[in-house]
Structure formats: structure tokens, C-alpha cells
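Text of the file my_file.csv, holding CSV, C-alpha atoms:
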chain,number,residue,atom,x,y,z
A,1,ASP,CA,97.4,122.2,90.5
A,2,GLY,CA,93.9,121.9,91.9
A,3,VAL,CA,93.5,118.2,91.3
A,4,LEU,CA,96.8,117.3,93.0
A,5,THR,CA,95.9,119.6,96.0
A,6,ALA,CA,92.5,117.9,96.3
A,7,ALA,CA,94.0,114.4,96.2
A,8,VAL,CA,96.5,115.4,99.0
A,9,ASP,CA,93.7,116.9,101.0
A,10,ARG,CA,91.6,113.7,100.7
A,11,ALA,CA,94.6,111.6,101.7
A,12,GLN,CA,95.4,113.7,104.8
A,13,GLU,CA,91.7,113.6,105.8
A,14,ARG,CA,91.7,109.9,105.5
A,15,ILE,CA,94.8,109.6,107.7
A,16,GLU,CA,93.3,112.0,110.3
A,17,THR,CA,90.1,110.0,110.4
A,18,LEU,CA,91.9,106.7,110.9
A,19,LEU,CA,94.1,108.1,113.7
A,20,SER,CA,91.3,109.9,115.5
A,21,ARG,CA,88.4,107.5,115.7
A,22,SER,CA,87.9,104.2,117.5
A,23,GLY,CA,86.9,101.1,115.5
A,24,ARG,CA,87.8,97.7,114.3
A,25,ASN,CA,91.4,96.6,113.6
A,26,HIS,CA,92.3,96.1,110.0
A,27,ALA,CA,93.9,92.7,110.6
A,28,GLU,CA,90.6,90.8,110.8
A,29,ILE,CA,89.4,92.2,107.5
A,30,ARG,CA,92.8,91.6,105.8
A,31,SER,CA,92.7,88.0,107.0
A,32,LYS,CA,89.3,87.4,105.5
A,33,VAL,CA,90.4,88.9,102.2
A,34,GLN,CA,93.5,86.7,102.2
A,35,LYS,CA,91.4,83.6,102.9
A,36,THR,CA,88.8,84.2,100.2
A,37,MET,CA,91.4,85.1,97.6
A,38,THR,CA,93.5,82.0,98.4
A,39,ASP,CA,90.4,79.7,98.4
A,40,ASN,CA,88.7,81.1,95.2
A,41,VAL,CA,91.0,83.3,93.1
A,42,ASN,CA,94.1,81.3,93.2
A,43,VAL,CA,95.5,79.6,90.1
A,44,PHE,CA,92.5,77.3,89.6
A,45,ARG,CA,89.3,79.3,89.4
A,46,GLU,CA,85.6,78.5,89.0
A,47,GLU,CA,82.7,80.9,88.6
A,48,PRO,CA,80.9,80.0,91.9
A,49,GLY,CA,84.0,80.7,93.9
A,50,LEU,CA,84.7,84.0,92.0
A,51,LYS,CA,81.1,85.2,92.7
A,52,GLU,CA,81.5,84.2,96.4
A,53,THR,CA,84.7,86.1,96.6
A,54,LEU,CA,83.0,89.3,95.2
A,55,GLY,CA,80.4,89.0,97.9
A,56,ASP,CA,83.1,88.5,100.5
A,57,LEU,CA,85.1,91.5,99.3
A,58,ARG,CA,82.0,93.8,99.3
A,59,GLU,CA,81.3,92.6,102.9
A,60,ALA,CA,85.0,93.3,103.8
A,61,ARG,CA,84.7,96.8,102.2
A,62,GLU,CA,81.7,97.5,104.4
A,63,GLN,CA,83.6,96.4,107.5
A,64,TYR,CA,86.5,98.6,106.5
A,65,GLN,CA,84.3,101.6,106.9
A,66,ASP,CA,84.6,101.1,110.7
A,67,VAL,CA,88.3,100.5,110.7
A,68,ALA,CA,90.6,102.6,112.9
A,69,VAL,CA,94.3,102.8,113.9
A,70,SER,CA,95.1,102.0,117.6
A,71,ASP,CA,98.5,103.6,117.5
A,72,PRO,CA,98.1,107.4,117.4
A,73,SER,CA,101.8,108.2,116.7
A,74,ARG,CA,102.7,110.1,113.6
A,75,THR,CA,106.2,108.7,113.2
A,76,PHE,CA,107.0,105.2,111.9
A,77,ASN,CA,103.4,104.1,112.5
A,78,THR,CA,103.2,100.6,111.1
A,79,ASP,CA,99.6,100.2,112.2
A,80,LEU,CA,98.6,103.1,110.1
A,81,ILE,CA,100.6,101.8,107.1
A,82,HIS,CA,99.0,98.3,107.4
A,83,THR,CA,95.6,99.8,107.7
A,84,MET,CA,96.0,101.8,104.6
A,85,GLU,CA,97.5,98.8,102.8
A,86,THR,CA,94.4,96.8,103.7
A,87,ARG,CA,92.2,99.2,101.8
A,88,ASN,CA,94.6,99.0,98.8
A,89,ILE,CA,94.4,95.2,99.0
A,90,LEU,CA,90.6,95.4,98.9
A,91,ASP,CA,90.8,97.5,95.8
A,92,ILE,CA,93.2,95.2,94.0
A,93,ALA,CA,91.5,92.0,95.1
A,94,GLU,CA,88.1,93.3,93.8
A,95,ALA,CA,89.7,94.4,90.4
A,96,LEU,CA,91.4,91.0,90.0
A,97,THR,CA,88.3,89.0,90.9
A,98,MET,CA,86.1,91.0,88.5
A,99,GLY,CA,88.6,90.5,85.7
A,100,ALA,CA,88.8,86.8,86.4
A,101,LEU,CA,85.0,86.4,86.4
A,102,ALA,CA,84.5,88.4,83.2
A,103,ARG,CA,87.3,86.6,81.3
A,104,ARG,CA,85.7,83.4,80.2
A,105,GLU,CA,88.7,81.6,78.7
A,106,PHE,CA,91.9,79.7,79.5
A,107,ARG,CA,95.1,81.8,79.1
A,108,GLY,CA,98.4,81.3,80.8
A,109,ALA,CA,98.0,81.6,84.6
A,110,HIS,CA,94.4,82.5,84.1
A,111,TRP,CA,92.8,79.0,84.5
A,112,ARG,CA,89.0,78.5,84.5
A,113,LYS,CA,87.6,75.0,85.0
A,114,GLU,CA,84.5,75.7,82.9
A,115,ASN,CA,86.4,77.4,80.1
A,116,GLN,CA,89.4,75.2,79.0
A,117,ILE,CA,89.8,76.9,75.6
A,118,ARG,CA,92.0,79.9,74.7
A,119,ASP,CA,89.8,82.4,72.9
A,120,ASP,CA,91.9,85.0,71.0
A,121,GLU,CA,89.0,86.1,68.9
A,122,ASN,CA,87.1,87.5,72.0
A,123,TRP,CA,89.8,87.9,74.6
A,124,LEU,CA,93.0,89.1,73.0
A,125,LYS,CA,92.6,92.3,75.0
A,126,HIS,CA,93.7,93.8,78.2
A,127,THR,CA,91.2,93.8,81.1
A,128,LEU,CA,91.3,97.1,83.1
A,129,VAL,CA,89.4,98.5,86.0
A,130,SER,CA,88.6,102.1,86.8
A,131,TRP,CA,87.0,103.3,90.0
A,132,ASN,CA,84.2,105.7,89.3
A,133,ASP,CA,82.5,107.3,92.3
A,134,GLY,CA,83.7,104.4,94.5
A,135,GLU,CA,82.4,101.7,92.1
A,136,PRO,CA,84.7,99.4,90.0
A,137,GLU,CA,84.0,99.4,86.3
A,138,LEU,CA,85.6,97.0,83.8
A,139,TRP,CA,86.9,98.1,80.5
A,140,TYR,CA,89.2,96.8,77.8
A,141,LYS,CA,92.1,97.9,75.7
A,142,PRO,CA,93.3,96.2,72.6
A,143,VAL,CA,96.6,94.3,72.5
A,144,ILE,CA,98.8,95.8,69.9
A,145,LEU,CA,100.8,93.2,68.0
A,146,GLU,CA,103.3,95.2,65.9
A,147,GLY,CA,106.9,96.3,66.2
A,148,GLU,CA,108.8,94.6,69.0
A,149,ASN,CA,105.6,93.0,70.3
A,150,LYS,CA,105.3,90.9,67.2
A,151,GLU,CA,108.0,88.7,68.7
A,152,TYR,CA,105.4,87.6,71.3
A,153,GLU,CA,102.6,86.7,68.9
A,154,PRO,CA,99.7,84.9,70.6
A,155,LYS,CA,99.8,81.2,70.4
A,156,ASN,CA,98.9,78.2,72.6
A,157,ARG,CA,101.8,77.5,75.0
A,158,SER,CA,102.7,74.1,76.5
A,159,TYR,CA,105.0,73.7,79.4
Translate the structure described by the file into C-alpha cells.
Amino acid sequence: DGVLTAAVDRAQERIETLLSRSGRNHAEIRSKVQKTMTDNVNVFREEPGLKETLGDLREAREQYQDVAVSDPSRTFNTDLIHTMETRNILDIAEALTMGALARREFRGAHWRKENQIRDDENWLKHTLVSWNDGEPELWYKPVILEGENKEYEPKNRSY
């Protein structure tokens, strides 16, 4: 299949580039991402912090363009694995932050200081992210409440 072959070729090219060039270590970028996510996209979220985090993540993504692996070995290369994981962390952190910023309501573990009301009319839907030409794009999918899902009908929860 051509699509699969192209994906494998891109992954191999990415690995070769990381192994063959000099550049910055991933750990500095990863640490910055962990800090901004912990500070601003933890359980308690506010719009200014979410916007700040998106800026921090875009900066980290730019810095990642210069990342390299210091260990050139091709067997059990944890530096390579951690460097590749850092890129995945960037993708997930940006998707999570975009979804948190878009969702203006209070639902379960999604806590927004400025939006303390659960809003099923506008937000009873799944928030998804697709990466199109390297750019994240939010989209939504309806929640289906029938069959076995009916048992978990939406309602305010108190703990």
C-alpha cells in the first residue's frame, strides 16, 4: 500500500535526520512543555493561562526543529526514543490545550474558573483534533446516547 510505504519512509527519514545532525537536546524543550502544562493546563484552568500555554507550545515546536540525538547508536537508543516522544508530547499538549480553550464550560475534570456551568446544549459532544499540513484543527463529533450508553446519561455529578 502506497500510503503505508510513504508513512514508513517519512518515519525513517525523521530518524535519520535526528541521528545525523547536531542540534539542541530534547530535554530542555520537554521540561518547558511540562512546566507550562503543569502551571496552566492542570485541573484548574483559566483562559489567560491556556492562551499563554499555546504560545509556549508553539515556541517549543519551533525549538524542536533544531533538536538532534547525541547518541548515534541504532540499538536500544533511549536518547532517540525520548527525542521522538518529546515531539509526540508537543502534539498531545497542543491538542489538549486547544480543546480546553475552546470548551467554555464546566464538565468533570474539565474545570474552567470563568465557566462554572455545565452546558449540555452546546458542549455534549466530543472535541477532536486533526493535524492538517502540520496545523492542528479542532472538530467535533456528537455523543451518541442510545443502547448501552444510555446507562451513562448526562447529568450533573457531585462528589
Residues within 12 Å of Gly134 (chain A), only C-alpha atoms, excluding chain neighbours under 5 positions, as a count of residues only: 5
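For Phe44 (chain A), the non-local neighbours within 12 Å, defined as residues at least 3 positions apart in the same chain or in other chains and counting all atoms listed in the file, are Met37, Thr38, Asp39, Asn40, Val41, Glu47, Gly49, Leu50, Ala100, Phe106, Arg107, Gly108, Ala109, His110, Trp111, Arg112, Lys113, Glu114, Asn115 and Gln116 of chain A.
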Residues of region 31-64 of chain A that have any atom at most 10 Å from an atom of region 20-26 of chain A: could you tabulate them with the shortest-distance atom pair and the distance in Å to one decimal, using all atoms listed in the file, ordered by chain and increasing number, as a tab-separated table?
residue	atom	partner	partner_atom	distance
A:Ser31	CA	A:His26	CA	8.6
A:Ala60	CA	A:His26	CA	10.0
A:Gln63	CA	A:Arg24	CA	8.1
A:Tyr64	CA	A:His26	CA	7.2
Polymer residues at most 8 Å from Asp71 (chain A), all atoms listed in the file, same-chain spacing of 2 or more positions, as JSON, numbers by chain: {"A": [19, 69, 73, 77, 79, 80]}
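The coordinates place CA of Leu138 (chain A) at 24.5 Å from CA of Arg10 (chain A).
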Point-to-point distance in Å for CA of Arg14 (chain A) and CA of Pro72 (chain A): 13.7 Å
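Between CA of Leu57 (chain A) and CA of Gly99 (chain A) the separation is 14.1 Å.
Using all atoms listed in the file for every distance, the candidate list A:Met84, A:Leu101, A:Asn156, A:Trp123 yields A:Met84 as the residue closest to Ala11 (chain A).
Closest approach to Asp119 (chain A) among A:Lys155, A:Glu59, A:Arg87, A:Pro48 is made by A:Lys155 (distances from only C-alpha atoms).
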Cut-off 7 Å around (89.3, 102.2, 107.1) with all atoms listed in the file: residues as number ranges by chain: A: 18, 64-68, 83, 87
Given 5 Å on each side, where is the centre and what are the edge lengths in Å to one decimal of the axis-aligned box enclosing the listed atoms of region 128-144 of chain A, as lines of an AutoDock Vina configuration file?
center_x = 90.6
center_y = 100.8
center_z = 82.2
size_x = 26.4
size_y = 23.0
size_z = 34.6
